[in-house]
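The block underneath contains the structure these notes are about, expressed in structure tokens.
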Amino acid sequence: MDIRRNLPLLMIICFLSQMGGFMILPLFPLFIEEFGLSGWMMGVIFALFYVGKVIGGVPAAALYRKLGGQRALIVMLFILAVCMGGFAISSAALLFGLLRLLQGLASTGLTVIVRSIIGDGGNADNRGLYNGYISSSEGGGMVLGPVISGWLALHWPLSVPFLLVTLCCLIAMGTAMGMKTRPKSEQMIKQDEPEQMPGLDSGADSVIPLNNAHENKLLPSAAKDTAIYDIAVDDMVTASPTSSTPDPAHADSRTGLIQRQQLIGYGTVHFLEMSAYAVFLTYFALYAAHIMHWDPFATSLAFTVAGISTLAAAPVAGYLSDRMGDRLLLCMLGMLMIGIEVVVFLSTSSYAWVYVGMLIGGVGGACYMDSFFAHIGDHIPDAGRSAVIGKIVSAAEIGSIISPLIAALLVEYVSLYAVFVFNLVLIAAAITVQAVMRSRYRAKQG
């Protein structure tokens, strides 16, 4: 797939799907409450969304490998359209739960497929920038979604926003159908050709040959990061031209071990980040209302500020990720900025200061997401990249289920303030894991 030609279409797809998700986010509890469901049943329906997100990553990766990016996107967007249309006409708790489960599955599937397309179609010099464009388009959807649905809810029944989201999903499907794919014959020729090093052929997807990874002094910084930090490459590369060839069985075993270690490290970091994000999404509105004594409009404006910040910062963060050549450092800085956001609203209820904190947190989220997925694209081989991303995203969504439950216990037995202390602990743990991973990469460099 020609990533440069299809990137604007991917951005439109992500904008529409994210806008749709954030259109129904504030309305869904009010909508299903109209049907007289118990609090427990509503909680189960909410949880099923995250269950779907947990189980959706691996099947989405398999679908991507089997059908390709374009067809896999169309399938996921069709599922989302069915879910949104189903919400608008449904009144039964069982059907709500099933649709909510499918919505979570398709939501994770879209993330896996889009990030896999970027990882496979980009290279070490542009993955961060391309991921930044995707994050920026998602940020635009985050800004507009709540505004549109809030206005509609004032003048129309609550089912109308769901019908509009259905239309958005169908438009996104049409956009995906317009994506350009290479003919199979061209793809086979491309696979048979030797891949070029960055800088030698700017028009081709580029990777660094394993046996030249120690000779990268003249490569661009992002490519140098790939060559230097990739543990599997560093362990398997020969020490000198006269060294003996490593035993293939031992090399395969060693590579498998390294990839499992990488998967555990990446999965742990994203698990912690998504856990913190789920706590924030679930409890910030309650904290703002009961501790800061804000009205709903002021709270919504805080989310809008964060969305605008992400929208503006994501392309710049992606560009810096490519140029710095140290993506994990930018991930850590992003998580630190998210922590600053939390510290600010724990320290004051001033509108101006909290909005500044949200601005900083939005930039931090862009830095983390752009660099994290670009780093995976740099270090995971093409053949297994989509599967790894699928496993990481699915495992991380387990945190979206567990962390709000822990936070609920803290609300019940301690206080709302303790919830965001817990949030800060999760952020600090994520930074610590990334610091350990980065130190190991740098040790391999030395």
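Identifiers in the structure tokens: chain A, B, ... in order shown; residue index from 1 per chain; ligand index from 1 in order shown.
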Can you build me a table of stretch 326-416 of chain A residues sitting at most 6 Å from stretch 305-322 of chain A, with the closest atom pair per residue and its distance in Å to one decimal, using only C-alpha atoms, sorted by chain and residue number, as CSV?
```
residue,atom,partner,partner_atom,distance
A:Arg327,CA,A:Ser321,CA,5.5
A:Met358,CA,A:Ala306,CA,5.0
A:Leu359,CA,A:Ala306,CA,5.3
A:Gly362,CA,A:Ala306,CA,4.6
A:Val363,CA,A:Thr310,CA,5.4
A:Ala366,CA,A:Ala314,CA,4.9
A:Cys367,CA,A:Ala317,CA,5.2
A:Asp370,CA,A:Gly318,CA,5.5
A:Ser371,CA,A:Ser321,CA,5.8
```
Could the residues in this selection be written to a file with C-alpha atoms, as a compact mmCIF listing (two decimals), in the first residue's frame?
```
# COMPACT_ATOMS: atom_id res chain seq x y z
CA ARG A 327 11.69 7.60 20.62
CA MET A 358 -5.03 20.00 30.04
CA LEU A 359 -3.06 21.74 27.29
CA GLY A 362 -2.76 16.87 25.40
CA VAL A 363 0.76 17.50 24.12
CA ALA A 366 0.52 13.10 21.38
CA CYS A 367 4.20 12.61 22.24
CA ASP A 370 3.30 8.95 18.16
CA SER A 371 6.63 7.75 19.52
```
Counting only C-alpha atoms, give me one row per residue of stretch 90-166 of chain A with an atom at most 10 Å from an atom of stretch 281-300 of chain A, showing the shortest contact pair and its distance in Å to one decimal, sorted by chain then residue number, as JSON lines.
```
{"residue": "A:Val143", "atom": "CA", "partner": "A:Ser300", "partner_atom": "CA", "distance": 9.8}
{"residue": "A:Pro146", "atom": "CA", "partner": "A:Ser300", "partner_atom": "CA", "distance": 7.8}
{"residue": "A:Val147", "atom": "CA", "partner": "A:Ser300", "partner_atom": "CA", "distance": 8.6}
{"residue": "A:Gly150", "atom": "CA", "partner": "A:Ser300", "partner_atom": "CA", "distance": 9.8}
```
Excluding stretch 274-278 of chain A and residues on its chain fewer than 2 positions from it, collect all residues at most 8 Å away from it, counting only C-alpha atoms, and give them as a PyMOL selection string.
chain A and resi 270-272+280-282+396-397+399-404+423-424+426-427
For the residues in the current selection, export N, CA and C atoms as a CSV table (one decimal), in the first residue's frame.
```
chain,number,residue,atom,x,y,z
A,270,HIS,N,2.2,0.0,27.8
A,270,HIS,CA,0.9,0.4,27.2
A,270,HIS,C,-0.3,0.1,28.2
A,271,PHE,N,-0.1,-1.1,28.9
A,271,PHE,CA,-1.1,-1.4,29.9
A,271,PHE,C,-1.2,-0.4,30.9
A,272,LEU,N,-0.1,0.1,31.4
A,272,LEU,CA,-0.1,1.2,32.5
A,272,LEU,C,-0.7,2.5,31.9
A,280,PHE,N,-8.8,8.4,34.2
A,280,PHE,CA,-9.0,9.8,33.9
A,280,PHE,C,-10.4,10.0,33.2
A,281,LEU,N,-10.6,9.2,32.2
A,281,LEU,CA,-11.9,9.4,31.5
A,281,LEU,C,-13.1,9.1,32.3
A,282,THR,N,-13.0,8.1,33.2
A,282,THR,CA,-14.1,7.7,34.1
A,282,THR,C,-14.4,8.6,35.2
A,396,ALA,N,-3.4,-4.2,26.7
A,396,ALA,CA,-3.5,-2.9,27.4
A,396,ALA,C,-4.9,-2.6,27.8
A,397,GLU,N,-5.9,-3.0,27.0
A,397,GLU,CA,-7.3,-2.8,27.3
A,397,GLU,C,-7.8,-3.5,28.6
A,399,GLY,N,-6.2,-3.3,31.2
A,399,GLY,CA,-6.0,-2.2,32.2
A,399,GLY,C,-7.2,-1.3,32.3
A,400,SER,N,-7.9,-1.1,31.1
A,400,SER,CA,-9.0,-0.2,31.1
A,400,SER,C,-10.2,-0.8,31.8
A,401,ILE,N,-10.2,-2.1,32.0
A,401,ILE,CA,-11.2,-2.8,32.8
A,401,ILE,C,-10.9,-2.8,34.3
A,402,ILE,N,-9.6,-3.1,34.6
A,402,ILE,CA,-9.2,-3.3,36.0
A,402,ILE,C,-9.0,-2.0,36.7
A,403,SER,N,-8.4,-1.0,36.1
A,403,SER,CA,-8.1,0.2,36.8
A,403,SER,C,-9.3,1.0,37.3
A,404,PRO,N,-10.4,1.1,36.5
A,404,PRO,CA,-11.6,1.8,37.0
A,404,PRO,C,-12.2,1.1,38.2
A,423,ASN,N,-3.8,7.3,39.9
A,423,ASN,CA,-3.5,7.6,38.5
A,423,ASN,C,-2.0,8.0,38.4
A,424,LEU,N,-1.5,8.8,39.3
A,424,LEU,CA,-0.1,9.3,39.2
A,424,LEU,C,0.9,8.1,39.4
A,426,LEU,N,0.3,5.0,38.5
A,426,LEU,CA,0.3,4.3,37.2
A,426,LEU,C,1.2,5.0,36.2
A,427,ILE,N,1.2,6.3,36.1
A,427,ILE,CA,2.0,7.1,35.2
A,427,ILE,C,3.5,6.9,35.6
```
What's around stretch 63-68 of chain A at 10 Å? Count only C-alpha atoms, leave out sequence neighbours fewer than 2 positions away in its own chain, and write the answer as a PyMOL selection string.
chain A and resi 1+57-61+70-73+75-76+109+112-114+116-117+181+383-384+386-387
Would you write out those residues with N, CA and C atoms, as a PDB file, in the first residue's frame?
```
ATOM      1  N   MET A   1       0.846  -1.192   0.000  1.00  0.00           N
ATOM      2  CA  MET A   1       0.000   0.000   0.000  1.00  0.00           C
ATOM      3  C   MET A   1       0.881   1.242   0.000  1.00  0.00           C
ATOM      4  N   GLY A  57      -7.930  -7.101  19.487  1.00  0.00           N
ATOM      5  CA  GLY A  57      -6.649  -6.817  18.856  1.00  0.00           C
ATOM      6  C   GLY A  57      -6.086  -7.953  18.021  1.00  0.00           C
ATOM      7  N   VAL A  58      -6.050  -9.145  18.596  1.00  0.00           N
ATOM      8  CA  VAL A  58      -5.449 -10.289  17.891  1.00  0.00           C
ATOM      9  C   VAL A  58      -6.245 -10.676  16.651  1.00  0.00           C
ATOM     10  N   PRO A  59      -7.594 -10.789  16.721  1.00  0.00           N
ATOM     11  CA  PRO A  59      -8.344 -11.071  15.489  1.00  0.00           C
ATOM     12  C   PRO A  59      -8.161  -9.987  14.425  1.00  0.00           C
ATOM     13  N   ALA A  60      -8.060  -8.737  14.851  1.00  0.00           N
ATOM     14  CA  ALA A  60      -7.865  -7.651  13.883  1.00  0.00           C
ATOM     15  C   ALA A  60      -6.529  -7.791  13.173  1.00  0.00           C
ATOM     16  N   ALA A  61      -5.488  -8.167  13.919  1.00  0.00           N
ATOM     17  CA  ALA A  61      -4.173  -8.370  13.304  1.00  0.00           C
ATOM     18  C   ALA A  61      -4.214  -9.508  12.298  1.00  0.00           C
ATOM     19  N   GLN A  70      -6.810  -2.318   3.468  1.00  0.00           N
ATOM     20  CA  GLN A  70      -8.029  -1.698   2.968  1.00  0.00           C
ATOM     21  C   GLN A  70      -9.270  -2.512   3.337  1.00  0.00           C
ATOM     22  N   ARG A  71      -9.265  -3.795   3.020  1.00  0.00           N
ATOM     23  CA  ARG A  71     -10.445  -4.623   3.291  1.00  0.00           C
ATOM     24  C   ARG A  71     -10.686  -4.780   4.789  1.00  0.00           C
ATOM     25  N   ALA A  72      -9.606  -4.882   5.568  1.00  0.00           N
ATOM     26  CA  ALA A  72      -9.768  -4.998   7.019  1.00  0.00           C
ATOM     27  C   ALA A  72     -10.408  -3.740   7.598  1.00  0.00           C
ATOM     28  N   LEU A  73     -10.008  -2.577   7.088  1.00  0.00           N
ATOM     29  CA  LEU A  73     -10.632  -1.323   7.535  1.00  0.00           C
ATOM     30  C   LEU A  73     -12.120  -1.307   7.213  1.00  0.00           C
ATOM     31  N   VAL A  75     -14.165  -3.806   6.883  1.00  0.00           N
ATOM     32  CA  VAL A  75     -14.882  -4.722   7.778  1.00  0.00           C
ATOM     33  C   VAL A  75     -15.123  -4.061   9.137  1.00  0.00           C
ATOM     34  N   MET A  76     -14.087  -3.447   9.716  1.00  0.00           N
ATOM     35  CA  MET A  76     -14.228  -2.838  11.039  1.00  0.00           C
ATOM     36  C   MET A  76     -15.200  -1.664  11.015  1.00  0.00           C
ATOM     37  N   GLY A 109      -9.853  -2.891  16.756  1.00  0.00           N
ATOM     38  CA  GLY A 109      -9.453  -3.340  15.427  1.00  0.00           C
ATOM     39  C   GLY A 109      -8.989  -2.204  14.545  1.00  0.00           C
ATOM     40  N   VAL A 112      -5.456  -1.128  15.647  1.00  0.00           N
ATOM     41  CA  VAL A 112      -4.441  -2.095  15.225  1.00  0.00           C
ATOM     42  C   VAL A 112      -4.169  -1.979  13.729  1.00  0.00           C
ATOM     43  N   ILE A 113      -5.225  -1.904  12.935  1.00  0.00           N
ATOM     44  CA  ILE A 113      -5.062  -1.901  11.485  1.00  0.00           C
ATOM     45  C   ILE A 113      -4.404  -0.618  11.002  1.00  0.00           C
ATOM     46  N   VAL A 114      -4.861   0.522  11.506  1.00  0.00           N
ATOM     47  CA  VAL A 114      -4.280   1.800  11.066  1.00  0.00           C
ATOM     48  C   VAL A 114      -2.814   1.891  11.464  1.00  0.00           C
ATOM     49  N   SER A 116      -0.805  -0.544  12.064  1.00  0.00           N
ATOM     50  CA  SER A 116      -0.051  -1.539  11.294  1.00  0.00           C
ATOM     51  C   SER A 116       0.232  -1.038   9.882  1.00  0.00           C
ATOM     52  N   ILE A 117      -0.751  -0.370   9.278  1.00  0.00           N
ATOM     53  CA  ILE A 117      -0.534   0.202   7.948  1.00  0.00           C
ATOM     54  C   ILE A 117       0.598   1.212   7.985  1.00  0.00           C
ATOM     55  N   THR A 181      -4.282   0.584  -3.619  1.00  0.00           N
ATOM     56  CA  THR A 181      -3.405  -0.524  -3.243  1.00  0.00           C
ATOM     57  C   THR A 181      -2.574  -0.930  -4.445  1.00  0.00           C
ATOM     58  N   ALA A 383       7.148  -9.053   9.312  1.00  0.00           N
ATOM     59  CA  ALA A 383       6.273 -10.227   9.299  1.00  0.00           C
ATOM     60  C   ALA A 383       5.421 -10.335  10.555  1.00  0.00           C
ATOM     61  N   GLY A 384       5.935  -9.875  11.691  1.00  0.00           N
ATOM     62  CA  GLY A 384       5.195 -10.031  12.933  1.00  0.00           C
ATOM     63  C   GLY A 384       4.672  -8.748  13.527  1.00  0.00           C
ATOM     64  N   SER A 386       2.122  -6.518  12.811  1.00  0.00           N
ATOM     65  CA  SER A 386       0.693  -6.336  13.078  1.00  0.00           C
ATOM     66  C   SER A 386       0.230  -7.233  14.225  1.00  0.00           C
ATOM     67  N   ALA A 387       0.777  -8.455  14.308  1.00  0.00           N
ATOM     68  CA  ALA A 387       0.404  -9.364  15.408  1.00  0.00           C
ATOM     69  C   ALA A 387       0.858  -8.808  16.748  1.00  0.00           C
TER      70      ALA A 387
END
```
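Between atom CA of A:Phe373 and atom CA of A:Phe78 there is a distance of 25.1 Å.
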How many Å separate atom CA of A:Met177 from atom CA of A:Gly140?
22.2 Å
